[in-house]
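Note sheet for the following structure.
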Amino acid sequence: MSSRRSRLGAALAAATALVLAACSSGSGSADGSTAAVDPAAEIVIGSTNEPTGLVRNVGGSSGVSQTMTRNVYEGLTSVDVDGSVVPTLAESWDVSEDGLAYTFHLQPDVTFHDGTALTADDVVWSISEAIGPESKSARKSDLLVIQQATAVDDATVRLDLSRPSQGLTFYLASVTVVKNGDTELTSDNGTGPYRFVEWVQGDHLTIEKYDAYWGEPAQNAGVTFRFFQDTTALNNALLTGDLDLVIAEDSPDQLVQFQDDPDFTITEGTSTTKQIWAFNDREAPFSDVRVRQALYKAIDREAILSAVWDGYGQVIGSMVPPTDPWYVDQADVHGYDPDAAEALLTEAGVTDLTISVDYIPDDTTEAILALLTKNLAAVGVTLTPNPVDDATWYQKVYTDHDFSTTLMGHVNPRDVLWYANPDFYWGYDNPQVQAWVTQADEAATEAEQVELLTQVNETIGEEAASAWLYLDPQIRVARADISGFPVDQVTESFYVADIVRGS
């Protein structure tokens, strides 16, 4: 371990300890100040994760979820900052004895941001669209257990299921409720503590406090997310006072400039961001499990993690992060072994393999690609890089499945379930995995669900359904007078209503 890493680790540990010591019990948020706060403060947050659009039910990008889900647009439920499911637009719900009917009772006095009252018809529309034939929502396959959504009366929604579902309330958190008939997110059709003001593509997205919010009001006057392609520019904006907070640092090198400065706070938390080299498993040669296993064994993941994070983060061998109860450490199942990789390629009859990789270029991805290229060249495999922009990646890879491999970070919680969907962009098709995922959702107990999903986790890892490289740490940097932001990132949403500036 380098001396720089040791000093940085000590600085991070000290900063994190200070922040966590000041956290209110169970908050999971940075709360480092007891001074009076400024309720009129507008918070400016820096991010490299910009939305790709405001059309609903398209999937493929977490930018809109990170900025606006739970802040501006809400579901019947939400996933809280600690990963738990909490009631949101649903005040409560009842479940029939056979588990096939859920009756949701809506919160009273909820209005959309144009003042229109929320009704059960709006909820039914939103859910029906999310599972409709045109929906490309990433959670659509999970939500298809819903056979029918019915407005019992203005304040009550009934969902009839084809089978019991352990995960229904979790999946429903992904369905943001909008006004009946709306297919896009607008300044009128949110119900959250903030109202959407504007999105200037390539620059910023602004939300403002909604004074008529039905629940706990936001503690600041508004938030602007500023978007950057370059992390150096992002951190320069923080240093010069143009930003209050950076959601996620992508390199320890970026932290050195903040570590001894009392004007800034550094926090290190848990994430669900998996860096993945995903294969198109529906196409040769990736349809051959031996080829996927060979390519995985050819990768020195420890070296990649060290190059990108200098000892932070964690090498993983499957899609499940340690925060999930069905996690099993599989980092060594296909550990770095070039000789075994070459033997598997020979067994599969594959020689002189050239592989195209689509990726959205940034400093982290370029660093990964350089080492990946070197590792694969050592076993006779040539990588052909194909840099694309966000919109192209979404259309080419996510929608059209027109790719061989792709480098991508997945932030979504419980996304291991997508390996049970052969129509998902990576095209992994294992009937046993599909059966286990269905059985886990139908399970009578949580223990049974955990056992089945553990088998899923182990199987996709053994079959190298993708090449999981590492799990990102969640490192944020904020100005010292900013507190109340979540330290961990175990959900797609970045909840901003508790962020305050001390006076």
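So you can find residues: chains in the structure tokens are A, B, ... in the order shown, residues in each start at 1, and ligands are numbered from 1 in order.
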
Close residues, A:Val64 itself excluded, 10 Å, only C-alpha atoms, min 2 positions apart in chain, as a list of chain:residue names: A:Asn49, A:Glu50, A:Pro51, A:Thr52, A:Gly53, A:Leu54, A:Val55, A:Arg56, A:Gly59, A:Ser61, A:Ser62, A:Gln66, A:Thr67, A:Met68, A:Thr69, A:Leu185, A:Leu205, A:Glu492, A:Ser493

Shell of 6 Å around stretch 314-326 of chain A, only C-alpha atoms, local chain residues under 5 positions omitted, as a PyMOL selection string: chain A and resi 331+416+450+453-454+461+468+470-471

Which of stretch 209-433 of chain A DSSP labels helix (DSSP H, G or I), written as a PyMOL selection string: chain A and resi 231-239+252-255+289-297+301-309+338-347+363-377+390-399+415-420+431-433

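Minimum atom-to-atom distance to A:Asp352, evaluated using only C-alpha atoms, belongs to A:Gly380 out of A:Pro87, A:Pro387, A:Gly380, A:Gly202.
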
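Excluding A:Ala237 itself and same-chain residues fewer than 5 positions from it, the residues having an atom within 10 Å of it are Gly46, Arg226, Phe228, Thr231, Thr232, Asp242, Leu243, Asp244, Leu245 and Val246 of chain A, counting only C-alpha atoms.
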
Could you dump the residues just selected with N, CA and C atoms as a PDB file, in the first residue's frame?
```
ATOM      1  N   GLY A  46     -23.232  18.935  -7.407  1.00  0.00           N
ATOM      2  CA  GLY A  46     -22.530  18.537  -8.624  1.00  0.00           C
ATOM      3  C   GLY A  46     -22.654  17.054  -8.883  1.00  0.00           C
ATOM      4  N   ARG A 226     -26.035  20.475 -10.914  1.00  0.00           N
ATOM      5  CA  ARG A 226     -25.203  20.887 -12.049  1.00  0.00           C
ATOM      6  C   ARG A 226     -24.454  19.669 -12.577  1.00  0.00           C
ATOM      7  N   PHE A 228     -21.630  17.658 -14.999  1.00  0.00           N
ATOM      8  CA  PHE A 228     -20.275  17.784 -15.515  1.00  0.00           C
ATOM      9  C   PHE A 228     -19.890  16.498 -16.242  1.00  0.00           C
ATOM     10  N   THR A 231     -14.596  15.247 -14.169  1.00  0.00           N
ATOM     11  CA  THR A 231     -14.594  15.318 -12.709  1.00  0.00           C
ATOM     12  C   THR A 231     -13.636  16.382 -12.180  1.00  0.00           C
ATOM     13  N   THR A 232     -12.622  16.714 -12.936  1.00  0.00           N
ATOM     14  CA  THR A 232     -11.739  17.796 -12.512  1.00  0.00           C
ATOM     15  C   THR A 232     -12.487  19.118 -12.484  1.00  0.00           C
ATOM     16  N   ASP A 242     -18.767  27.259  -6.226  1.00  0.00           N
ATOM     17  CA  ASP A 242     -19.909  27.175  -7.125  1.00  0.00           C
ATOM     18  C   ASP A 242     -20.805  25.983  -6.799  1.00  0.00           C
ATOM     19  N   LEU A 243     -20.294  25.028  -6.039  1.00  0.00           N
ATOM     20  CA  LEU A 243     -21.077  23.869  -5.606  1.00  0.00           C
ATOM     21  C   LEU A 243     -21.036  23.757  -4.091  1.00  0.00           C
ATOM     22  N   ASP A 244     -22.071  23.147  -3.540  1.00  0.00           N
ATOM     23  CA  ASP A 244     -22.103  22.847  -2.109  1.00  0.00           C
ATOM     24  C   ASP A 244     -21.725  21.399  -1.818  1.00  0.00           C
ATOM     25  N   LEU A 245     -21.937  20.521  -2.803  1.00  0.00           N
ATOM     26  CA  LEU A 245     -21.795  19.090  -2.542  1.00  0.00           C
ATOM     27  C   LEU A 245     -21.533  18.366  -3.858  1.00  0.00           C
ATOM     28  N   VAL A 246     -20.651  17.377  -3.824  1.00  0.00           N
ATOM     29  CA  VAL A 246     -20.448  16.466  -4.945  1.00  0.00           C
ATOM     30  C   VAL A 246     -21.023  15.113  -4.550  1.00  0.00           C
TER      31      VAL A 246
END
```

Nearest to A:Asp160, chosen from A:Val200, A:Ile131, A:Ala117, A:Gly99, with only C-alpha atoms counted in the distances: A:Gly99

If DSSP is run on the backbone, what residues of stretch 326-495 of chain A are strand (DSSP E or B)? A reply as a compact mmCIF listing (two decimals) with all heavy atoms, in the first residue's frame would be ideal.
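Final file, selection_0.txt:
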```txt
# COMPACT_ATOMS: atom_id res chain seq x y z
N LEU A 353 -9.81 -14.04 -31.18
CA LEU A 353 -11.08 -13.38 -30.88
C LEU A 353 -10.90 -11.86 -30.80
O LEU A 353 -10.02 -11.37 -30.10
CB LEU A 353 -11.65 -13.92 -29.56
CG LEU A 353 -12.99 -13.37 -29.09
CD1 LEU A 353 -14.08 -13.65 -30.10
CD2 LEU A 353 -13.36 -14.00 -27.73
N THR A 354 -11.73 -11.14 -31.54
CA THR A 354 -11.77 -9.68 -31.48
C THR A 354 -13.15 -9.27 -30.98
O THR A 354 -14.17 -9.71 -31.51
CB THR A 354 -11.50 -9.04 -32.85
OG1 THR A 354 -10.18 -9.40 -33.27
CG2 THR A 354 -11.61 -7.52 -32.78
N ILE A 355 -13.16 -8.43 -29.95
CA ILE A 355 -14.41 -8.07 -29.29
C ILE A 355 -14.58 -6.56 -29.30
O ILE A 355 -13.68 -5.82 -28.89
CB ILE A 355 -14.43 -8.57 -27.83
CG1 ILE A 355 -14.30 -10.09 -27.77
CG2 ILE A 355 -15.70 -8.12 -27.12
CD1 ILE A 355 -14.13 -10.62 -26.35
N SER A 356 -15.74 -6.12 -29.73
CA SER A 356 -16.09 -4.69 -29.66
C SER A 356 -16.67 -4.38 -28.28
O SER A 356 -17.43 -5.18 -27.73
CB SER A 356 -17.12 -4.35 -30.74
OG SER A 356 -17.59 -3.03 -30.59
N VAL A 357 -16.31 -3.22 -27.74
CA VAL A 357 -16.87 -2.80 -26.45
C VAL A 357 -17.41 -1.38 -26.59
O VAL A 357 -16.68 -0.44 -26.91
CB VAL A 357 -15.83 -2.91 -25.31
CG1 VAL A 357 -14.55 -2.16 -25.62
CG2 VAL A 357 -16.44 -2.42 -23.99
N ASP A 358 -18.72 -1.22 -26.39
CA ASP A 358 -19.36 0.09 -26.38
C ASP A 358 -19.26 0.67 -24.97
O ASP A 358 -19.52 -0.04 -23.99
CB ASP A 358 -20.83 -0.02 -26.77
CG ASP A 358 -21.02 -0.46 -28.21
OD1 ASP A 358 -20.17 -0.13 -29.05
OD2 ASP A 358 -22.02 -1.14 -28.50
N TYR A 359 -18.93 1.95 -24.87
CA TYR A 359 -18.82 2.55 -23.55
C TYR A 359 -19.01 4.06 -23.65
O TYR A 359 -18.78 4.66 -24.71
CB TYR A 359 -17.46 2.24 -22.91
CG TYR A 359 -16.28 2.90 -23.57
CD1 TYR A 359 -15.70 4.04 -23.01
CD2 TYR A 359 -15.75 2.40 -24.75
CE1 TYR A 359 -14.62 4.66 -23.62
CE2 TYR A 359 -14.67 3.01 -25.37
CZ TYR A 359 -14.11 4.14 -24.80
OH TYR A 359 -13.04 4.76 -25.40
N VAL A 381 -6.85 -12.12 -26.97
CA VAL A 381 -8.13 -11.50 -27.29
C VAL A 381 -7.91 -10.00 -27.52
O VAL A 381 -7.25 -9.33 -26.71
CB VAL A 381 -9.16 -11.71 -26.17
CG1 VAL A 381 -10.47 -10.97 -26.48
CG2 VAL A 381 -9.43 -13.20 -25.97
N THR A 382 -8.45 -9.49 -28.60
CA THR A 382 -8.31 -8.08 -28.94
C THR A 382 -9.60 -7.33 -28.65
O THR A 382 -10.68 -7.75 -29.08
CB THR A 382 -7.96 -7.90 -30.43
OG1 THR A 382 -6.75 -8.61 -30.70
CG2 THR A 382 -7.80 -6.44 -30.79
N LEU A 383 -9.49 -6.23 -27.92
CA LEU A 383 -10.65 -5.37 -27.65
C LEU A 383 -10.66 -4.21 -28.64
O LEU A 383 -9.63 -3.56 -28.85
CB LEU A 383 -10.62 -4.81 -26.23
CG LEU A 383 -11.24 -5.61 -25.10
CD1 LEU A 383 -11.33 -4.75 -23.85
CD2 LEU A 383 -12.62 -6.13 -25.47
N THR A 384 -11.83 -3.95 -29.21
CA THR A 384 -12.00 -2.80 -30.10
C THR A 384 -12.91 -1.79 -29.41
O THR A 384 -14.11 -2.03 -29.27
CB THR A 384 -12.64 -3.22 -31.44
OG1 THR A 384 -11.83 -4.22 -32.06
CG2 THR A 384 -12.78 -2.03 -32.37
N PRO A 385 -12.38 -0.68 -28.94
CA PRO A 385 -13.20 0.29 -28.21
C PRO A 385 -14.13 1.07 -29.13
O PRO A 385 -13.75 1.43 -30.25
CB PRO A 385 -12.17 1.22 -27.57
CG PRO A 385 -10.97 1.12 -28.43
CD PRO A 385 -10.96 -0.27 -28.99
N ASN A 386 -15.35 1.30 -28.65
CA ASN A 386 -16.32 2.09 -29.42
C ASN A 386 -16.99 3.09 -28.47
O ASN A 386 -18.03 2.80 -27.88
CB ASN A 386 -17.38 1.18 -30.05
CG ASN A 386 -18.38 1.97 -30.88
OD1 ASN A 386 -18.03 2.94 -31.53
ND2 ASN A 386 -19.65 1.57 -30.82
N PRO A 387 -16.40 4.27 -28.31
CA PRO A 387 -17.00 5.28 -27.43
C PRO A 387 -18.30 5.83 -28.02
O PRO A 387 -18.37 6.13 -29.21
CB PRO A 387 -15.92 6.36 -27.33
CG PRO A 387 -15.09 6.19 -28.56
CD PRO A 387 -15.14 4.73 -28.92
N THR A 405 -20.24 -6.26 -26.41
CA THR A 405 -20.02 -6.08 -24.98
C THR A 405 -20.13 -4.59 -24.67
O THR A 405 -20.04 -3.75 -25.57
CB THR A 405 -18.63 -6.59 -24.52
OG1 THR A 405 -17.61 -5.71 -25.01
CG2 THR A 405 -18.39 -8.01 -25.01
N THR A 406 -20.29 -4.28 -23.38
CA THR A 406 -20.35 -2.88 -22.98
C THR A 406 -19.82 -2.74 -21.56
O THR A 406 -19.98 -3.64 -20.73
CB THR A 406 -21.79 -2.34 -23.06
OG1 THR A 406 -21.80 -0.94 -22.74
CG2 THR A 406 -22.72 -3.05 -22.11
N LEU A 407 -19.18 -1.62 -21.28
CA LEU A 407 -18.78 -1.27 -19.93
C LEU A 407 -19.83 -0.32 -19.37
O LEU A 407 -20.20 0.67 -20.00
CB LEU A 407 -17.42 -0.58 -19.93
CG LEU A 407 -16.18 -1.47 -20.02
CD1 LEU A 407 -14.94 -0.60 -20.24
CD2 LEU A 407 -16.01 -2.30 -18.76
N MET A 408 -20.33 -0.63 -18.17
CA MET A 408 -21.40 0.19 -17.61
C MET A 408 -21.41 0.05 -16.09
O MET A 408 -21.14 -1.03 -15.55
CB MET A 408 -22.76 -0.27 -18.18
CG MET A 408 -23.97 0.50 -17.68
SD MET A 408 -23.88 2.31 -17.85
CE MET A 408 -23.68 2.49 -19.61
N GLY A 409 -21.72 1.14 -15.40
CA GLY A 409 -21.95 1.11 -13.96
C GLY A 409 -23.43 0.96 -13.68
O GLY A 409 -24.24 1.71 -14.23
N HIS A 410 -23.78 -0.02 -12.85
CA HIS A 410 -25.19 -0.24 -12.48
C HIS A 410 -25.39 0.17 -11.03
O HIS A 410 -24.81 -0.44 -10.12
CB HIS A 410 -25.57 -1.71 -12.67
CG HIS A 410 -26.06 -2.02 -14.04
ND1 HIS A 410 -27.38 -2.13 -14.36
CD2 HIS A 410 -25.39 -2.21 -15.21
CE1 HIS A 410 -27.52 -2.39 -15.65
NE2 HIS A 410 -26.31 -2.44 -16.19
N ALA A 467 -19.23 -9.92 -16.51
CA ALA A 467 -17.96 -9.83 -15.78
C ALA A 467 -18.06 -8.65 -14.84
O ALA A 467 -17.93 -7.50 -15.25
CB ALA A 467 -16.80 -9.67 -16.76
N TRP A 468 -18.35 -8.94 -13.57
CA TRP A 468 -18.46 -7.89 -12.57
C TRP A 468 -17.06 -7.54 -12.10
O TRP A 468 -16.30 -8.42 -11.68
CB TRP A 468 -19.31 -8.36 -11.40
CG TRP A 468 -20.68 -8.79 -11.83
CD1 TRP A 468 -21.80 -8.01 -11.97
CD2 TRP A 468 -21.10 -10.13 -12.21
NE1 TRP A 468 -22.85 -8.76 -12.40
CE2 TRP A 468 -22.47 -10.06 -12.56
CE3 TRP A 468 -20.44 -11.35 -12.29
CZ2 TRP A 468 -23.19 -11.18 -12.97
CZ3 TRP A 468 -21.16 -12.47 -12.70
CH2 TRP A 468 -22.51 -12.38 -13.04
N LEU A 469 -16.69 -6.28 -12.17
CA LEU A 469 -15.32 -5.87 -11.89
C LEU A 469 -15.15 -5.49 -10.42
O LEU A 469 -14.33 -6.07 -9.71
CB LEU A 469 -14.93 -4.71 -12.80
CG LEU A 469 -15.09 -5.00 -14.30
CD1 LEU A 469 -14.74 -3.78 -15.13
CD2 LEU A 469 -14.25 -6.21 -14.73
N TYR A 470 -15.93 -4.52 -9.96
CA TYR A 470 -15.81 -4.12 -8.56
C TYR A 470 -17.04 -3.31 -8.15
O TYR A 470 -17.83 -2.86 -9.00
CB TYR A 470 -14.53 -3.31 -8.31
CG TYR A 470 -14.43 -2.01 -9.09
CD1 TYR A 470 -15.05 -0.84 -8.67
CD2 TYR A 470 -13.69 -1.94 -10.27
CE1 TYR A 470 -14.96 0.33 -9.38
CE2 TYR A 470 -13.58 -0.77 -10.99
CZ TYR A 470 -14.22 0.37 -10.53
OH TYR A 470 -14.13 1.53 -11.24
N LEU A 471 -17.18 -3.14 -6.84
CA LEU A 471 -18.22 -2.31 -6.26
C LEU A 471 -17.60 -0.98 -5.85
O LEU A 471 -16.60 -0.96 -5.12
CB LEU A 471 -18.82 -3.02 -5.04
CG LEU A 471 -20.03 -2.36 -4.36
CD1 LEU A 471 -21.28 -2.57 -5.21
CD2 LEU A 471 -20.25 -2.97 -2.97
N GLN A 474 -18.78 4.78 -1.88
CA GLN A 474 -19.60 5.98 -2.05
C GLN A 474 -18.93 7.11 -1.30
O GLN A 474 -19.04 7.22 -0.08
CB GLN A 474 -21.02 5.76 -1.52
CG GLN A 474 -21.97 6.91 -1.86
CD GLN A 474 -22.21 7.02 -3.37
OE1 GLN A 474 -22.62 6.06 -4.01
NE2 GLN A 474 -21.96 8.18 -3.93
N ILE A 475 -18.20 7.93 -2.02
CA ILE A 475 -17.46 9.03 -1.39
C ILE A 475 -18.04 10.35 -1.87
O ILE A 475 -18.14 10.61 -3.06
CB ILE A 475 -15.96 8.94 -1.71
CG1 ILE A 475 -15.39 7.62 -1.15
CG2 ILE A 475 -15.22 10.13 -1.12
CD1 ILE A 475 -13.93 7.42 -1.44
N ARG A 476 -18.43 11.15 -0.92
CA ARG A 476 -18.99 12.48 -1.20
C ARG A 476 -18.10 13.54 -0.53
O ARG A 476 -17.50 13.29 0.52
CB ARG A 476 -20.41 12.60 -0.67
CG ARG A 476 -21.34 11.43 -1.01
CD ARG A 476 -22.78 11.83 -0.77
NE ARG A 476 -23.70 10.72 -0.58
CZ ARG A 476 -24.28 10.02 -1.54
NH1 ARG A 476 -24.01 10.29 -2.79
NH2 ARG A 476 -25.13 9.05 -1.26
N VAL A 477 -18.08 14.71 -1.14
CA VAL A 477 -17.39 15.86 -0.55
C VAL A 477 -18.38 17.02 -0.50
O VAL A 477 -19.05 17.31 -1.50
CB VAL A 477 -16.14 16.26 -1.35
CG1 VAL A 477 -15.43 17.44 -0.67
CG2 VAL A 477 -15.19 15.09 -1.49
N ALA A 478 -18.45 17.66 0.67
CA ALA A 478 -19.38 18.78 0.85
C ALA A 478 -18.65 19.94 1.51
O ALA A 478 -17.64 19.74 2.22
CB ALA A 478 -20.57 18.36 1.70
N ARG A 479 -19.15 21.11 1.30
CA ARG A 479 -18.68 22.25 2.08
C ARG A 479 -19.04 22.02 3.54
O ARG A 479 -20.04 21.37 3.86
CB ARG A 479 -19.28 23.55 1.55
CG ARG A 479 -18.97 23.81 0.07
CD ARG A 479 -19.16 25.28 -0.31
NE ARG A 479 -18.18 26.14 0.35
CZ ARG A 479 -16.93 26.31 -0.05
NH1 ARG A 479 -16.47 25.67 -1.11
NH2 ARG A 479 -16.11 27.11 0.61
N ILE A 482 -22.55 22.33 5.08
CA ILE A 482 -23.65 21.56 4.48
C ILE A 482 -23.79 20.24 5.23
O ILE A 482 -22.80 19.52 5.45
CB ILE A 482 -23.37 21.28 2.99
CG1 ILE A 482 -23.26 22.59 2.22
CG2 ILE A 482 -24.46 20.39 2.39
CD1 ILE A 482 -24.53 23.43 2.20
N SER A 483 -25.00 19.89 5.61
CA SER A 483 -25.25 18.63 6.31
C SER A 483 -26.63 18.10 5.93
O SER A 483 -27.39 18.76 5.23
CB SER A 483 -25.16 18.83 7.83
OG SER A 483 -26.13 19.77 8.27
N PHE A 485 -27.22 15.29 4.16
CA PHE A 485 -27.27 14.47 2.94
C PHE A 485 -27.00 13.01 3.30
O PHE A 485 -26.30 12.70 4.26
CB PHE A 485 -26.27 14.97 1.91
CG PHE A 485 -24.84 15.05 2.40
CD1 PHE A 485 -23.98 13.96 2.27
CD2 PHE A 485 -24.35 16.22 2.97
CE1 PHE A 485 -22.67 14.03 2.71
CE2 PHE A 485 -23.03 16.30 3.42
CZ PHE A 485 -22.20 15.20 3.29
N PRO A 486 -27.56 12.07 2.51
CA PRO A 486 -27.32 10.65 2.79
C PRO A 486 -25.84 10.31 2.59
O PRO A 486 -25.22 10.74 1.62
CB PRO A 486 -28.19 9.92 1.76
CG PRO A 486 -29.15 10.94 1.25
CD PRO A 486 -28.47 12.26 1.38
N GLN A 489 -25.43 5.15 -0.48
CA GLN A 489 -26.25 5.20 -1.70
C GLN A 489 -26.70 3.79 -2.00
O GLN A 489 -26.07 3.06 -2.76
CB GLN A 489 -25.47 5.78 -2.87
CG GLN A 489 -26.33 6.07 -4.10
CD GLN A 489 -27.21 7.29 -3.94
OE1 GLN A 489 -26.73 8.36 -3.58
NE2 GLN A 489 -28.49 7.15 -4.18
```

Test item: residues at most 10 Å from stretch 193-198 of chain A, only C-alpha atoms, excluding those fewer than 5 positions along its chain, as a count of residues only: 36

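Candidate residues A:Pro164, A:Glu42, A:Ile304, A:Arg282 were compared for distance to A:Ala443, and the nearest is A:Pro164, using only C-alpha atoms.
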
Residues within 12 Å of A:Asp98, only C-alpha atoms, excluding chain neighbours under 5 positions, as a list in words: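 Here the answer would be Asp160, Leu161, Ser162, Arg163, Pro164, Ser165, Glu442 and Ala444 of chain A.
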
Writing out the chosen residues with N, CA and C atoms as a PDB file, in the first residue's frame:
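What follows is the written file result.pdb:
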```pdb
ATOM      1  N   ASP A 160     -54.626  -6.538  -8.175  1.00  0.00           N
ATOM      2  CA  ASP A 160     -54.819  -7.986  -8.208  1.00  0.00           C
ATOM      3  C   ASP A 160     -53.601  -8.613  -8.873  1.00  0.00           C
ATOM      4  N   LEU A 161     -53.028  -9.628  -8.227  1.00  0.00           N
ATOM      5  CA  LEU A 161     -51.793 -10.245  -8.678  1.00  0.00           C
ATOM      6  C   LEU A 161     -52.045 -11.640  -9.236  1.00  0.00           C
ATOM      7  N   SER A 162     -51.146 -12.061 -10.114  1.00  0.00           N
ATOM      8  CA  SER A 162     -51.240 -13.411 -10.667  1.00  0.00           C
ATOM      9  C   SER A 162     -50.681 -14.442  -9.695  1.00  0.00           C
ATOM     10  N   ARG A 163     -49.867 -13.968  -8.745  1.00  0.00           N
ATOM     11  CA  ARG A 163     -49.281 -14.832  -7.720  1.00  0.00           C
ATOM     12  C   ARG A 163     -48.816 -13.927  -6.588  1.00  0.00           C
ATOM     13  N   PRO A 164     -48.573 -14.499  -5.409  1.00  0.00           N
ATOM     14  CA  PRO A 164     -48.034 -13.671  -4.318  1.00  0.00           C
ATOM     15  C   PRO A 164     -46.673 -13.094  -4.686  1.00  0.00           C
ATOM     16  N   SER A 165     -46.335 -11.941  -4.118  1.00  0.00           N
ATOM     17  CA  SER A 165     -45.082 -11.269  -4.455  1.00  0.00           C
ATOM     18  C   SER A 165     -44.454 -10.657  -3.208  1.00  0.00           C
ATOM     19  N   GLU A 442     -42.512 -15.507  -4.713  1.00  0.00           N
ATOM     20  CA  GLU A 442     -43.715 -16.154  -4.180  1.00  0.00           C
ATOM     21  C   GLU A 442     -43.498 -16.738  -2.783  1.00  0.00           C
ATOM     22  N   ALA A 444     -43.097 -17.921   0.981  1.00  0.00           N
ATOM     23  CA  ALA A 444     -43.950 -17.657   2.148  1.00  0.00           C
ATOM     24  C   ALA A 444     -43.185 -16.923   3.240  1.00  0.00           C
TER      25      ALA A 444
END
```

Atomic distance atom CA of A:Ser92 - atom CA of A:Leu452, expressed in Å with one decimal: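 So the two atoms, atom CA of A:Ser92 and atom CA of A:Leu452, lie 28.6 Å apart.
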
Distance criterion (only C-alpha atoms): nearest to A:Arg301 out of A:Asp337, A:Glu446, A:Glu184, A:Glu462: A:Asp337

Find the nearest atom pair between each residue of stretch 172-253 of chain A and stretch 139-147 of chain A for residues within 12 Å, count only C-alpha atoms, give distances in Å to one decimal, sort rows by chain and ascending number, and present the table as a tab-separated table.
```
residue	atom	partner	partner_atom	distance
A:Leu172	CA	A:Leu143	CA	7.6
A:Ala173	CA	A:Arg139	CA	10.0
A:Ser174	CA	A:Arg139	CA	7.3
A:Val175	CA	A:Arg139	CA	8.7
```

Would you put the residues from that selection into a file with all heavy atoms, as a PDB file, in the first residue's frame?
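The resulting file, selection.pdb, is reproduced below:
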```
ATOM      1  N   LEU A 172     -42.845  -1.325  -6.463  1.00  0.00           N
ATOM      2  CA  LEU A 172     -43.747  -0.184  -6.667  1.00  0.00           C
ATOM      3  C   LEU A 172     -43.050   1.153  -6.408  1.00  0.00           C
ATOM      4  O   LEU A 172     -43.508   2.195  -6.890  1.00  0.00           O
ATOM      5  CB  LEU A 172     -44.982  -0.314  -5.776  1.00  0.00           C
ATOM      6  CG  LEU A 172     -46.016  -1.335  -6.230  1.00  0.00           C
ATOM      7  CD1 LEU A 172     -47.089  -1.527  -5.156  1.00  0.00           C
ATOM      8  CD2 LEU A 172     -46.676  -0.916  -7.542  1.00  0.00           C
ATOM      9  N   ALA A 173     -41.953   1.124  -5.662  1.00  0.00           N
ATOM     10  CA  ALA A 173     -41.222   2.369  -5.421  1.00  0.00           C
ATOM     11  C   ALA A 173     -40.676   2.952  -6.718  1.00  0.00           C
ATOM     12  O   ALA A 173     -40.392   4.144  -6.796  1.00  0.00           O
ATOM     13  CB  ALA A 173     -40.091   2.122  -4.424  1.00  0.00           C
ATOM     14  N   SER A 174     -40.525   2.117  -7.748  1.00  0.00           N
ATOM     15  CA  SER A 174     -39.991   2.599  -9.028  1.00  0.00           C
ATOM     16  C   SER A 174     -41.068   3.248  -9.891  1.00  0.00           C
ATOM     17  O   SER A 174     -40.744   3.864 -10.914  1.00  0.00           O
ATOM     18  CB  SER A 174     -39.360   1.444  -9.801  1.00  0.00           C
ATOM     19  OG  SER A 174     -40.347   0.541 -10.275  1.00  0.00           O
ATOM     20  N   VAL A 175     -42.341   3.111  -9.517  1.00  0.00           N
ATOM     21  CA  VAL A 175     -43.437   3.649 -10.326  1.00  0.00           C
ATOM     22  C   VAL A 175     -43.825   5.017  -9.777  1.00  0.00           C
ATOM     23  O   VAL A 175     -44.560   5.134  -8.797  1.00  0.00           O
ATOM     24  CB  VAL A 175     -44.661   2.716 -10.322  1.00  0.00           C
ATOM     25  CG1 VAL A 175     -45.759   3.281 -11.216  1.00  0.00           C
ATOM     26  CG2 VAL A 175     -44.271   1.310 -10.779  1.00  0.00           C
TER      27      VAL A 175
END
```

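Of note, atom CA of A:Ala307 and atom CA of A:Gln254 are spaced 13.5 Å apart.
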
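Here atom CA of A:Arg414 and atom CA of A:Gly313 stand 18.8 Å from one another.
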